[in-house]
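Chemist: So I've got this file, model-v3.cif, and it contains mmCIF, C-alpha atoms:
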```cif
data_query
loop_
_atom_site.group_PDB
_atom_site.id
_atom_site.type_symbol
_atom_site.label_atom_id
_atom_site.label_comp_id
_atom_site.auth_asym_id
_atom_site.auth_seq_id
_atom_site.Cartn_x
_atom_site.Cartn_y
_atom_site.Cartn_z
ATOM 1 C CA MET D 955 -8.413 17.765 -7.065
ATOM 2 C CA HIS D 956 -7.573 17.310 -3.406
ATOM 3 C CA ASP D 957 -11.262 16.917 -2.482
ATOM 4 C CA LYS D 958 -11.824 14.191 -5.070
ATOM 5 C CA LEU D 959 -8.689 12.356 -4.011
ATOM 6 C CA ARG D 960 -9.618 12.561 -0.343
ATOM 7 C CA GLN D 961 -12.923 10.884 -1.170
ATOM 8 C CA GLN D 962 -11.047 8.103 -2.971
ATOM 9 C CA LEU D 963 -8.889 7.522 0.107
ATOM 10 C CA VAL D 964 -11.961 6.262 1.953
ATOM 11 C CA GLY D 965 -11.966 2.533 1.262
ATOM 12 C CA ILE D 966 -9.571 -0.208 0.213
ATOM 13 C CA LEU D 967 -6.616 0.467 -2.077
ATOM 14 C CA LEU D 968 -4.212 -2.164 -3.357
ATOM 15 C CA PRO D 969 -0.411 -1.758 -3.329
ATOM 16 C CA ALA D 970 0.177 -3.504 -6.629
ATOM 17 C CA THR D 971 2.909 -6.056 -7.166
ATOM 18 C CA THR D 972 5.243 -5.785 -10.148
ATOM 19 C CA PRO D 973 5.093 -8.959 -12.267
ATOM 20 C CA PHE D 974 8.308 -10.397 -13.673
ATOM 21 C CA THR D 975 8.922 -13.183 -16.161
ATOM 22 C CA ILE D 976 10.969 -16.260 -15.323
ATOM 23 C CA ASN D 977 13.955 -14.337 -16.719
ATOM 24 C CA SER D 978 13.273 -11.454 -14.306
ATOM 25 C CA ASP D 979 12.091 -9.069 -17.036
ATOM 26 C CA LEU D 980 9.065 -6.850 -16.533
ATOM 27 C CA ASP D 981 5.847 -8.633 -17.531
ATOM 28 C CA ILE D 982 3.736 -5.762 -18.757
ATOM 29 C CA GLU D 983 0.890 -7.911 -20.040
ATOM 30 C CA ALA D 984 0.586 -9.611 -16.651
ATOM 31 C CA LEU D 985 0.409 -6.183 -15.019
ATOM 32 C CA ARG D 986 -2.427 -5.164 -17.333
ATOM 33 C CA LEU D 987 -4.322 -8.367 -16.595
ATOM 34 C CA ASN D 988 -3.993 -7.871 -12.840
ATOM 35 C CA ILE D 989 -5.134 -4.263 -12.976
ATOM 36 C CA SER D 990 -8.134 -5.196 -15.115
ATOM 37 C CA LYS D 991 -9.160 -7.887 -12.641
ATOM 38 C CA TRP D 992 -8.601 -5.676 -9.579
ATOM 39 C CA CYS D 993 -10.614 -2.893 -11.165
ATOM 40 C CA GLY D 994 -13.486 -5.327 -11.585
ATOM 41 C CA THR D 995 -13.932 -5.055 -7.819
ATOM 42 C CA ALA D 996 -14.961 -2.090 -5.667
ATOM 43 C CA ILE D 997 -11.422 -1.032 -4.706
ATOM 44 C CA SER D 998 -10.951 2.722 -4.344
ATOM 45 C CA GLY D 999 -7.621 2.792 -6.120
ATOM 46 C CA LEU D 1000 -4.154 1.411 -6.729
ATOM 47 C CA VAL D 1001 -0.736 2.262 -5.347
ATOM 48 C CA MET D 1002 2.061 1.433 -7.748
ATOM 49 C CA LEU D 1003 5.690 0.856 -6.840
ATOM 50 C CA GLY D 1004 5.558 0.961 -3.087
ATOM 51 C CA SER D 1005 7.396 -1.652 -1.065
ATOM 52 C CA THR D 1006 5.051 -4.377 -2.367
ATOM 53 C CA GLY D 1007 5.850 -3.282 -5.913
ATOM 54 C CA GLU D 1008 9.608 -3.917 -5.470
ATOM 55 C CA ARG D 1009 10.492 -0.333 -6.360
ATOM 56 C CA VAL D 1010 14.000 -0.854 -5.033
ATOM 57 C CA HIS D 1011 14.534 -3.581 -7.643
ATOM 58 C CA LEU D 1012 13.676 -1.375 -10.625
ATOM 59 C CA ASP D 1013 15.740 1.068 -12.608
ATOM 60 C CA GLU D 1014 14.426 4.495 -13.645
ATOM 61 C CA ARG D 1015 13.279 3.354 -17.080
ATOM 62 C CA GLU D 1016 11.303 0.474 -15.570
ATOM 63 C CA TYR D 1017 9.811 2.794 -12.947
ATOM 64 C CA GLN D 1018 8.450 5.112 -15.602
ATOM 65 C CA GLN D 1019 7.249 2.239 -17.788
ATOM 66 C CA ILE D 1020 5.261 0.690 -14.947
ATOM 67 C CA VAL D 1021 3.654 4.003 -14.006
ATOM 68 C CA GLU D 1022 2.691 4.891 -17.568
ATOM 69 C CA THR D 1023 1.332 1.403 -18.268
ATOM 70 C CA ALA D 1024 -0.742 1.338 -15.090
ATOM 71 C CA ARG D 1025 -2.008 4.889 -15.584
ATOM 72 C CA ALA D 1026 -3.499 3.884 -18.931
ATOM 73 C CA GLU D 1027 -5.405 1.043 -17.252
ATOM 74 C CA VAL D 1028 -6.823 2.881 -14.213
ATOM 75 C CA SER D 1029 -9.870 5.105 -14.729
ATOM 76 C CA SER D 1030 -10.113 8.529 -13.140
ATOM 77 C CA ASP D 1031 -12.791 7.412 -10.684
ATOM 78 C CA ARG D 1032 -10.126 5.505 -8.728
ATOM 79 C CA ALA D 1033 -7.089 6.918 -6.959
ATOM 80 C CA PHE D 1034 -3.845 6.316 -8.815
ATOM 81 C CA ILE D 1035 -0.943 6.747 -6.394
ATOM 82 C CA VAL D 1036 2.726 6.077 -7.050
ATOM 83 C CA GLY D 1037 5.424 5.209 -4.549
ATOM 84 C CA ALA D 1038 8.393 7.543 -4.311
ATOM 85 C CA GLY D 1039 11.246 8.308 -1.983
ATOM 86 C CA GLN D 1040 14.999 8.146 -2.342
ATOM 87 C CA GLN D 1041 17.597 8.671 0.363
ATOM 88 C CA SER D 1042 18.112 12.348 -0.437
ATOM 89 C CA THR D 1043 15.513 15.073 -0.628
ATOM 90 C CA LEU D 1044 16.843 16.134 -4.042
ATOM 91 C CA LYS D 1045 16.447 12.679 -5.601
ATOM 92 C CA THR D 1046 13.047 12.223 -3.974
ATOM 93 C CA VAL D 1047 11.795 15.428 -5.567
ATOM 94 C CA GLU D 1048 13.172 14.317 -8.937
ATOM 95 C CA GLU D 1049 11.376 10.984 -8.645
ATOM 96 C CA ILE D 1050 8.123 12.699 -7.739
ATOM 97 C CA ARG D 1051 8.408 14.826 -10.868
ATOM 98 C CA VAL D 1052 8.690 11.664 -12.972
ATOM 99 C CA ALA D 1053 5.622 10.201 -11.235
ATOM 100 C CA GLY D 1054 3.663 13.396 -11.791
ATOM 101 C CA ARG D 1055 4.588 13.633 -15.473
ATOM 102 C CA SER D 1056 3.584 9.979 -15.884
ATOM 103 C CA GLY D 1057 0.089 10.586 -14.576
ATOM 104 C CA ALA D 1058 0.119 9.942 -10.828
ATOM 105 C CA ASP D 1059 -2.692 11.564 -8.842
ATOM 106 C CA ALA D 1060 -0.489 11.578 -5.735
ATOM 107 C CA VAL D 1061 2.725 10.097 -4.383
ATOM 108 C CA LEU D 1062 3.277 7.857 -1.375
ATOM 109 C CA VAL D 1063 6.643 8.965 -0.019
ATOM 110 C CA ILE D 1064 8.580 6.598 2.214
ATOM 111 C CA THR D 1065 10.919 7.827 4.928
ATOM 112 C CA PRO D 1066 14.661 8.026 4.215
ATOM 113 C CA TYR D 1067 16.372 5.308 6.237
ATOM 114 C CA PHE D 1068 19.973 4.584 5.205
ATOM 115 C CA TYR D 1069 21.522 7.068 7.654
ATOM 116 C CA ARG D 1070 19.061 5.912 10.267
ATOM 117 C CA SER D 1071 20.636 7.523 13.314
ATOM 118 C CA ALA D 1072 20.344 10.915 11.593
ATOM 119 C CA ILE D 1073 16.670 10.497 10.717
ATOM 120 C CA THR D 1074 15.100 12.210 13.710
ATOM 121 C CA GLN D 1075 11.520 13.416 13.820
ATOM 122 C CA ASP D 1076 12.748 16.958 13.113
ATOM 123 C CA THR D 1077 14.627 15.623 10.098
ATOM 124 C CA LEU D 1078 11.459 13.954 8.845
ATOM 125 C CA ILE D 1079 9.485 17.173 9.268
ATOM 126 C CA ASN D 1080 12.051 19.112 7.231
ATOM 127 C CA PHE D 1081 12.209 16.363 4.605
ATOM 128 C CA TYR D 1082 8.461 16.097 4.069
ATOM 129 C CA LEU D 1083 7.820 19.844 4.154
ATOM 130 C CA THR D 1084 10.467 20.393 1.484
ATOM 131 C CA VAL D 1085 9.100 17.554 -0.617
ATOM 132 C CA ALA D 1086 5.513 18.788 -0.303
ATOM 133 C CA ASP D 1087 6.518 22.325 -1.230
ATOM 134 C CA ALA D 1088 8.264 21.065 -4.359
ATOM 135 C CA SER D 1089 5.645 18.527 -5.455
ATOM 136 C CA THR D 1090 3.027 19.484 -8.026
ATOM 137 C CA ILE D 1091 0.805 16.594 -6.866
ATOM 138 C CA PRO D 1092 -0.444 15.673 -3.376
ATOM 139 C CA VAL D 1093 1.827 13.801 -0.996
ATOM 140 C CA MET D 1094 1.041 10.931 1.363
ATOM 141 C CA LEU D 1095 3.421 10.006 4.172
ATOM 142 C CA TYR D 1096 4.584 6.390 4.392
ATOM 143 C CA SER D 1097 5.670 4.943 7.723
ATOM 144 C CA MET D 1098 7.029 1.388 7.328
ATOM 145 C CA PRO D 1099 9.245 0.759 10.373
ATOM 146 C CA ALA D 1100 9.425 -3.017 9.849
ATOM 147 C CA LEU D 1101 11.454 -2.421 6.670
ATOM 148 C CA THR D 1102 13.079 0.947 7.301
ATOM 149 C CA GLY D 1103 13.572 1.036 11.059
ATOM 150 C CA VAL D 1104 12.143 4.570 10.936
ATOM 151 C CA LYS D 1105 8.719 5.448 12.338
ATOM 152 C CA ILE D 1106 6.839 8.681 11.777
ATOM 153 C CA GLU D 1107 5.466 9.504 15.218
ATOM 154 C CA PRO D 1108 1.844 10.692 15.639
ATOM 155 C CA GLU D 1109 2.934 14.187 16.672
ATOM 156 C CA THR D 1110 5.106 14.440 13.571
ATOM 157 C CA ILE D 1111 2.256 13.316 11.330
ATOM 158 C CA ALA D 1112 -0.010 15.886 12.976
ATOM 159 C CA ARG D 1113 2.540 18.634 12.373
ATOM 160 C CA LEU D 1114 2.832 17.624 8.714
ATOM 161 C CA SER D 1115 -0.937 17.333 8.262
ATOM 162 C CA ASP D 1116 -1.101 21.151 8.440
ATOM 163 C CA HIS D 1117 0.609 21.374 5.049
ATOM 164 C CA PRO D 1118 -2.022 21.838 2.317
ATOM 165 C CA ASN D 1119 -0.225 19.433 -0.039
ATOM 166 C CA ILE D 1120 0.109 16.565 2.479
ATOM 167 C CA ILE D 1121 -3.210 14.745 2.444
ATOM 168 C CA GLY D 1122 -2.703 11.503 4.338
ATOM 169 C CA VAL D 1123 -0.508 8.764 5.756
ATOM 170 C CA LYS D 1124 -0.084 5.046 5.247
ATOM 171 C CA ASP D 1125 0.831 3.558 8.627
ATOM 172 C CA SER D 1126 2.138 0.017 8.174
ATOM 173 C CA SER D 1127 3.088 -0.509 11.796
ATOM 174 C CA ASN D 1128 1.163 -2.694 14.212
ATOM 175 C CA ASP D 1129 0.944 0.091 16.788
ATOM 176 C CA MET D 1130 -2.763 0.653 17.373
ATOM 177 C CA ALA D 1131 -2.197 3.068 20.250
ATOM 178 C CA GLY D 1132 -0.041 5.221 17.972
ATOM 179 C CA PHE D 1133 -2.539 4.871 15.143
ATOM 180 C CA LYS D 1134 -5.391 6.048 17.357
ATOM 181 C CA ARG D 1135 -3.279 8.968 18.567
ATOM 182 C CA THR D 1136 -2.561 9.957 14.956
ATOM 183 C CA VAL D 1137 -6.269 10.014 14.150
ATOM 184 C CA GLU D 1138 -6.980 12.118 17.245
ATOM 185 C CA LEU D 1139 -4.280 14.680 16.398
ATOM 186 C CA CYS D 1140 -4.962 15.101 12.672
ATOM 187 C CA PRO D 1141 -7.747 17.039 10.923
ATOM 188 C CA PRO D 1142 -10.903 15.085 9.985
ATOM 189 C CA ASP D 1143 -10.158 15.349 6.258
ATOM 190 C CA PHE D 1144 -6.633 13.926 6.635
ATOM 191 C CA ALA D 1145 -6.574 10.299 5.420
ATOM 192 C CA VAL D 1146 -5.097 7.970 8.043
ATOM 193 C CA MET D 1147 -4.829 4.553 6.397
ATOM 194 C CA THR D 1148 -3.489 1.242 7.633
ATOM 195 C CA GLY D 1149 -1.032 -0.777 5.576
ATOM 196 C CA ASN D 1150 -1.410 -3.894 7.698
ATOM 197 C CA GLY D 1151 -4.152 -6.360 6.777
ATOM 198 C CA THR D 1152 -3.894 -8.189 10.088
ATOM 199 C CA VAL D 1153 -5.247 -5.124 11.899
ATOM 200 C CA LEU D 1154 -7.639 -3.733 9.287
ATOM 201 C CA LEU D 1155 -10.701 -3.890 11.514
ATOM 202 C CA ASP D 1156 -8.863 -2.571 14.571
ATOM 203 C CA ALA D 1157 -7.653 0.347 12.481
ATOM 204 C CA LEU D 1158 -11.168 1.075 11.246
ATOM 205 C CA LYS D 1159 -12.448 0.986 14.830
ATOM 206 C CA ASN D 1160 -9.755 3.516 15.704
ATOM 207 C CA GLY D 1161 -10.688 5.943 12.949
ATOM 208 C CA ALA D 1162 -8.892 4.752 9.794
ATOM 209 C CA THR D 1163 -10.362 5.997 6.539
ATOM 210 C CA GLY D 1164 -9.394 2.675 4.964
ATOM 211 C CA GLY D 1165 -6.447 0.494 4.104
ATOM 212 C CA ILE D 1166 -3.699 0.031 1.526
ATOM 213 C CA LEU D 1167 -3.374 -3.725 1.877
ATOM 214 C CA ALA D 1168 -0.960 -6.161 0.253
ATOM 215 C CA VAL D 1169 -3.166 -9.140 1.100
ATOM 216 C CA GLY D 1170 -5.849 -7.448 -0.960
ATOM 217 C CA CYS D 1171 -3.838 -8.132 -4.108
ATOM 218 C CA ALA D 1172 -4.730 -11.818 -3.683
ATOM 219 C CA ALA D 1173 -8.036 -11.425 -1.822
ATOM 220 C CA PRO D 1174 -9.569 -8.015 -2.471
ATOM 221 C CA GLU D 1175 -13.169 -9.114 -1.925
ATOM 222 C CA VAL D 1176 -12.813 -9.996 1.751
ATOM 223 C CA CYS D 1177 -10.957 -6.753 2.514
ATOM 224 C CA LEU D 1178 -13.759 -4.853 0.828
ATOM 225 C CA GLU D 1179 -16.371 -6.839 2.745
ATOM 226 C CA ILE D 1180 -14.708 -6.087 6.087
ATOM 227 C CA PHE D 1181 -14.738 -2.397 5.214
ATOM 228 C CA ALA D 1182 -18.364 -2.477 4.025
ATOM 229 C CA SER D 1183 -19.529 -4.486 7.049
ATOM 230 C CA PHE D 1184 -17.844 -2.078 9.421
ATOM 231 C CA ARG D 1185 -19.295 0.970 7.703
ATOM 232 C CA SER D 1186 -22.802 -0.489 7.788
ATOM 233 C CA GLY D 1187 -22.553 -1.330 11.487
ATOM 234 C CA GLU D 1188 -22.362 -5.095 11.000
ATOM 235 C CA ILE D 1189 -19.508 -5.400 13.458
ATOM 236 C CA ALA D 1190 -19.943 -9.109 14.209
ATOM 237 C CA GLN D 1191 -19.720 -9.895 10.497
ATOM 238 C CA ALA D 1192 -16.638 -7.696 10.148
ATOM 239 C CA GLU D 1193 -14.992 -9.399 13.135
ATOM 240 C CA SER D 1194 -15.700 -12.853 11.726
ATOM 241 C CA LEU D 1195 -14.191 -11.911 8.382
ATOM 242 C CA GLN D 1196 -11.147 -10.307 10.010
ATOM 243 C CA GLU D 1197 -10.506 -13.475 12.004
ATOM 244 C CA LYS D 1198 -10.406 -15.394 8.747
ATOM 245 C CA LEU D 1199 -8.311 -12.808 6.898
ATOM 246 C CA THR D 1200 -5.578 -12.432 9.524
ATOM 247 C CA PRO D 1201 -3.732 -15.762 8.971
ATOM 248 C CA LEU D 1202 -3.606 -15.176 5.226
ATOM 249 C CA ALA D 1203 -2.505 -11.570 5.668
ATOM 250 C CA ALA D 1204 0.300 -12.622 8.012
ATOM 251 C CA ALA D 1205 1.421 -15.414 5.692
ATOM 252 C CA VAL D 1206 1.701 -13.281 2.559
ATOM 253 C CA THR D 1207 3.439 -10.353 4.240
ATOM 254 C CA THR D 1208 5.552 -10.838 7.354
ATOM 255 C CA ARG D 1209 6.044 -14.618 7.097
ATOM 256 C CA PHE D 1210 6.706 -15.271 3.403
ATOM 257 C CA GLY D 1211 7.073 -11.723 2.120
ATOM 258 C CA ILE D 1212 6.434 -10.535 -1.414
ATOM 259 C CA GLY D 1213 7.305 -13.967 -2.793
ATOM 260 C CA GLY D 1214 4.508 -15.391 -0.672
ATOM 261 C CA LEU D 1215 2.083 -12.737 -1.841
ATOM 262 C CA LYS D 1216 2.911 -13.446 -5.479
ATOM 263 C CA ALA D 1217 2.453 -17.171 -4.889
ATOM 264 C CA ALA D 1218 -0.949 -16.482 -3.339
ATOM 265 C CA MET D 1219 -1.873 -14.337 -6.329
ATOM 266 C CA ASP D 1220 -0.956 -17.157 -8.717
ATOM 267 C CA LEU D 1221 -3.103 -19.551 -6.715
ATOM 268 C CA ALA D 1222 -5.985 -17.056 -6.600
ATOM 269 C CA GLY D 1223 -6.073 -16.579 -10.367
ATOM 270 C CA TYR D 1224 -3.924 -13.448 -10.677
ATOM 271 C CA GLN D 1225 -0.550 -13.043 -12.360
ATOM 272 C CA GLY D 1226 1.878 -13.222 -9.446
ATOM 273 C CA GLY D 1227 5.041 -14.435 -11.090
ATOM 274 C CA THR D 1228 8.495 -14.352 -9.605
ATOM 275 C CA VAL D 1229 10.347 -11.881 -7.404
ATOM 276 C CA ARG D 1230 13.711 -10.390 -8.233
ATOM 277 C CA THR D 1231 16.615 -11.762 -6.255
ATOM 278 C CA PRO D 1232 17.784 -11.630 -3.556
ATOM 279 C CA LEU D 1233 14.115 -12.157 -2.655
ATOM 280 C CA GLN D 1234 12.960 -15.750 -2.981
ATOM 281 C CA SER D 1235 9.694 -17.363 -3.974
ATOM 282 C CA PRO D 1236 8.259 -19.917 -1.540
ATOM 283 C CA LYS D 1237 8.646 -23.549 -2.485
ATOM 284 C CA GLY D 1238 7.507 -26.924 -1.256
ATOM 285 C CA GLU D 1239 5.917 -26.818 2.172
ATOM 286 C CA GLN D 1240 5.693 -23.040 2.222
ATOM 287 C CA ARG D 1241 3.736 -22.938 -1.020
ATOM 288 C CA SER D 1242 1.530 -25.785 0.187
ATOM 289 C CA GLU D 1243 0.767 -23.835 3.331
ATOM 290 C CA ILE D 1244 -0.244 -20.785 1.325
ATOM 291 C CA ALA D 1245 -2.468 -22.978 -0.846
ATOM 292 C CA MET D 1246 -4.069 -24.460 2.263
ATOM 293 C CA LEU D 1247 -4.709 -21.007 3.715
ATOM 294 C CA LEU D 1248 -6.310 -19.886 0.483
ATOM 295 C CA GLU D 1249 -8.423 -23.032 0.281
ATOM 296 C CA VAL D 1250 -9.704 -22.636 3.840
ATOM 297 C CA PHE D 1251 -10.171 -18.946 3.226
ATOM 298 C CA ALA D 1252 -12.245 -19.583 0.094
ATOM 299 C CA GLN D 1253 -14.389 -22.098 1.938
ATOM 300 C CA LYS D 1254 -15.039 -19.852 4.909
ATOM 301 C CA VAL D 1255 -15.513 -16.449 3.327
ATOM 302 C CA PRO D 1256 -18.875 -15.832 1.646
ATOM 303 C CA SER D 1257 -18.654 -15.257 -2.081
#
```
Mind converting the file's structure to structure tokens?
Modeler:
Amino acid sequence: MHDKLRQQLVGILLPATTPFTINSDLDIEALRLNISKWCGTAISGLVMLGSTGERVHLDEREYQQIVETARAEVSSDRAFIVGAGQQSTLKTVEEIRVAGRSGADAVLVITPYFYRSAITQDTLINFYLTVADASTIPVMLYSMPALTGVKIEPETIARLSDHPNIIGVKDSSNDMAGFKRTVELCPPDFAVMTGNGTVLLDALKNGATGGILAVGCAAPEVCLEIFASFRSGEIAQAESLQEKLTPLAAAVTTRFGIGGLKAAMDLAGYQGGTVRTPLQSPKGEQRSEIAMLLEVFAQKVPS
């Protein structure tokens, strides 16, 4: 199973959003529609209930419902990964068990962060080794310092890559030097993936196996084309596409957040919907800017 999954971690995966109705209820039909449309492209898989999926805004029943619904829609030829990770090791292991029972192929486990000063690199090593030992499905590390304030250092990732049940890492930082160092230190079959669409091509040039990209939820085709162009040696084409992707990627992640991404999805023909408060959806000029970026993007990127 690990070999098949490792092959699926070469390419572009999408960290799916969780659609809500205007009343902030789960919109299961919208989720099905999005997955069907995404799976009409050449994506390698989906990641449910990571940071883009608003996991922290869902209760346990909703978590399980989303995973089971998505599992039924995603065929076995694509990776089906589920976000996990609570503040304690015990609760993280419990959550992973739910994900595994609900059909996840692997889990993407975020760093603990609430007691930030106590989360040293040694603490992270102990945390992930314990989690990997207890998990019945493969584990991916998730370093998201912009949200958590906790970074998994390259040497720590390399140490953890020795564990047979830890198969990769999603690095959502903008640290290309650290990313390159991670690739250099880890085994060739360890998936080092970027979670930042603004540096997709740079990451590929530095040895990434692919990306898990929020911007891809609204614009999967261009992310796939950058990956394909790079792999076929068409570097100039990949660079041109990356230059056009970067403003959109920045707008729907760091600038306008998940609300911006969902707005972009609505405008691109997906089911974006609302975010749960305290997050806010963009309005007025912000939404107009996203529309303009998408319009320019559609004009410039080959179909």
Chemist: Please write the residues picked by the PyMOL selection byres ((chain D and resi 1032) around 9) on this file as a list in words.
Modeler: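 Applied to this file, the PyMOL selection byres ((chain D and resi 1032) around 9) returns Leu959, Gln962, Cys993, Ile997, Ser998, Gly999, Leu1000, Val1028, Ser1029, Ser1030, Asp1031, Ala1033 and Phe1034 of chain D.
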Chemist: Hey, what's within 10 Å of Arg1185 in chain D if we count all atoms listed in the file and toss same-chain stuff fewer than 4 positions away? As a PDB file with C-alpha atoms, keeping the file's coordinate frame, please?
Modeler:
```pdb
ATOM      1  CA  GLY D 965     -11.966   2.533   1.262  1.00  0.00           C
ATOM      2  CA  LEU D1158     -11.168   1.075  11.246  1.00  0.00           C
ATOM      3  CA  LYS D1159     -12.448   0.986  14.830  1.00  0.00           C
ATOM      4  CA  GLU D1179     -16.371  -6.839   2.745  1.00  0.00           C
ATOM      5  CA  ILE D1180     -14.708  -6.087   6.087  1.00  0.00           C
ATOM      6  CA  PHE D1181     -14.738  -2.397   5.214  1.00  0.00           C
ATOM      7  CA  ILE D1189     -19.508  -5.400  13.458  1.00  0.00           C
ATOM      8  CA  ALA D1192     -16.638  -7.696  10.148  1.00  0.00           C
TER       9      ALA D1192
END
```
Chemist: Hey, what's within 10 Å of range 1068-1076 of chain D if we count only C-alpha atoms and toss same-chain stuff fewer than 2 positions away? As a short mmCIF file (atom, residue, chain, number, x, y, z; two decimals) with C-alpha atoms, keeping the file's coordinate frame, please?
Modeler:
```cif
data_model
loop_
_atom_site.label_atom_id
_atom_site.label_comp_id
_atom_site.auth_asym_id
_atom_site.auth_seq_id
_atom_site.Cartn_x
_atom_site.Cartn_y
_atom_site.Cartn_z
CA GLN D 1040 15.00 8.15 -2.34
CA GLN D 1041 17.60 8.67 0.36
CA SER D 1042 18.11 12.35 -0.44
CA THR D 1065 10.92 7.83 4.93
CA PRO D 1066 14.66 8.03 4.22
CA LEU D 1078 11.46 13.95 8.85
CA ILE D 1079 9.48 17.17 9.27
CA ASN D 1080 12.05 19.11 7.23
CA PHE D 1081 12.21 16.36 4.61
CA THR D 1102 13.08 0.95 7.30
CA GLY D 1103 13.57 1.04 11.06
CA VAL D 1104 12.14 4.57 10.94
CA LYS D 1105 8.72 5.45 12.34
CA ILE D 1106 6.84 8.68 11.78
CA GLU D 1107 5.47 9.50 15.22
CA GLU D 1109 2.93 14.19 16.67
CA THR D 1110 5.11 14.44 13.57
CA ILE D 1111 2.26 13.32 11.33
#
```
Chemist: Any idea what the distance is between CA of Ile1120 in chain D and CA of Leu1095 in chain D?
Modeler: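 Computing it gives 7.5 Å between the two atoms.
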Chemist: One decimal, in Å: what's the spacing between CA of Leu1248 in chain D and CA of Pro1236 in chain D?
Modeler: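 We find that CA of Leu1248 in chain D and CA of Pro1236 in chain D lie 14.7 Å from each other.
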